[in-house]
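Enquirer: Shown below is the structure under consideration.
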Amino acid sequence: MELARFFLAIAPDELLRGQLASLCATLKPRFATEPWRWVASENYHLTLAFIGTVRRSDIARTAPRLALVMAGLEHFGYRLTRLGCFPDTRRPRAIAALPERQAALESWQVPLVAALEAGGIAVERRAFRAHLTLARWRGRQAPARQLEETIALQGVANAIVMYESRDGRYLPQFTLAAGRGANHAR
């Protein structure tokens, strides 16, 4: 029985990934004296569900169930409009790009979590707060920090990725596309 940690996420498209990498390049000098670990651009993602530690074989068995859900979901555009501390400014653990609206992300998150749970996969019960992590605090508790800036980045959600989290890297296990295209402005 081989166990690993998994999570389900939306990976940003290449255009957005490049814009986020450029944003991080401008931010790094501002935080150079603090122990932030910047996320590699290939690891950017919007988490939909933290699954935790489960058997790899159980995750592989979820793909058909998740594919059925994805077939009924529509692509959508989303906007990242704020740069802030996550989960909050009193105890920041991450610097994150935050979406303008969470409802569109929840329209995917809710049925996907239900499909995982129907397939016997227990999902961690954290409150869902969409964010795209750009940097993580290394070490003990980060000091309180005010960070609230406006950004204007756009992406398209058209697929999910099941990731394995191993040694600080995120390894894609499978990708499933949404079945219905939608009109969306970039």
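As shown in the structure tokens, the chain order sets the letters A, B, ...; within each chain, residues go from 1, and ligands are also counted from 1 in the order they appear.
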Using DSSP secondary structure from the backbone, list all strand (DSSP E or B) positions within chain A, as a count of residues only.
Expert: 73
Enquirer: Using only C-alpha atoms, which residues sit within 9 Å of Lys28 (chain A) once same-chain residues fewer than 5 positions away are excluded, as JSON, numbers by chain?
Expert: {"A": [23, 36, 38]}
Enquirer: Output C-alpha atoms of each residue in that selection to a file, as a PDB file, in the first residue's frame.
Expert:
ATOM      1  CA  LEU A  23       4.627  39.596 -10.886  1.00  0.00           C
ATOM      2  CA  TRP A  36       9.775  33.499   1.915  1.00  0.00           C
ATOM      3  CA  TRP A  38       8.817  31.441  -3.804  1.00  0.00           C
TER       4      TRP A  38
END
Enquirer: Got a sec: who's within 9 Å of Ala96 (chain A), counting only C-alpha atoms, leaving out chain neighbours fewer than 3 positions off, as a list in words?
Expert: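 What passes the distance filter is Arg82, Leu83, Gly84, Cys85, Phe86, His131, Leu132, Thr133, Leu134, Ala135 and Arg136 of chain A.
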Enquirer: Restricting the calculation to only C-alpha atoms: of A:Thr89, A:Asn43, A:Gln102, A:Gln109, which residue gets closest to Val69 (chain A)?
Expert: A:Gln109
Enquirer: At a cut-off of 10 Å, using only C-alpha atoms, what residues contact Val161 (chain A)? Leave out same-chain residues fewer than 6 positions from it and give the result as a PyMOL selection string.
Expert: chain A and resi 7-11+45-48+171-177
Enquirer: Of the candidates A:Leu3, A:Val156, A:Leu20, A:Leu66, which shows the shortest atom-to-atom distance to Ala118 (chain A), using only C-alpha atoms?
Expert: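 Going through A:Leu3, A:Val156, A:Leu20, A:Leu66 one by one, the smallest distance to Ala118 (chain A) is for A:Leu66.
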Enquirer: Report the residues of chain A whose backbone DSSP state falls under alpha helix (DSSP H), written as a VMD selection string.
Expert: chain A and resid 14 to 27 56 to 71 103 to 118
Enquirer: So, with only C-alpha atoms as the atoms that count, which of A:Met70, A:Leu153, A:Glu164, A:Arg55 lies closest to Ser22 (chain A)?
Expert: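 Answer, going by the shortest atom-to-atom distance: A:Leu153.
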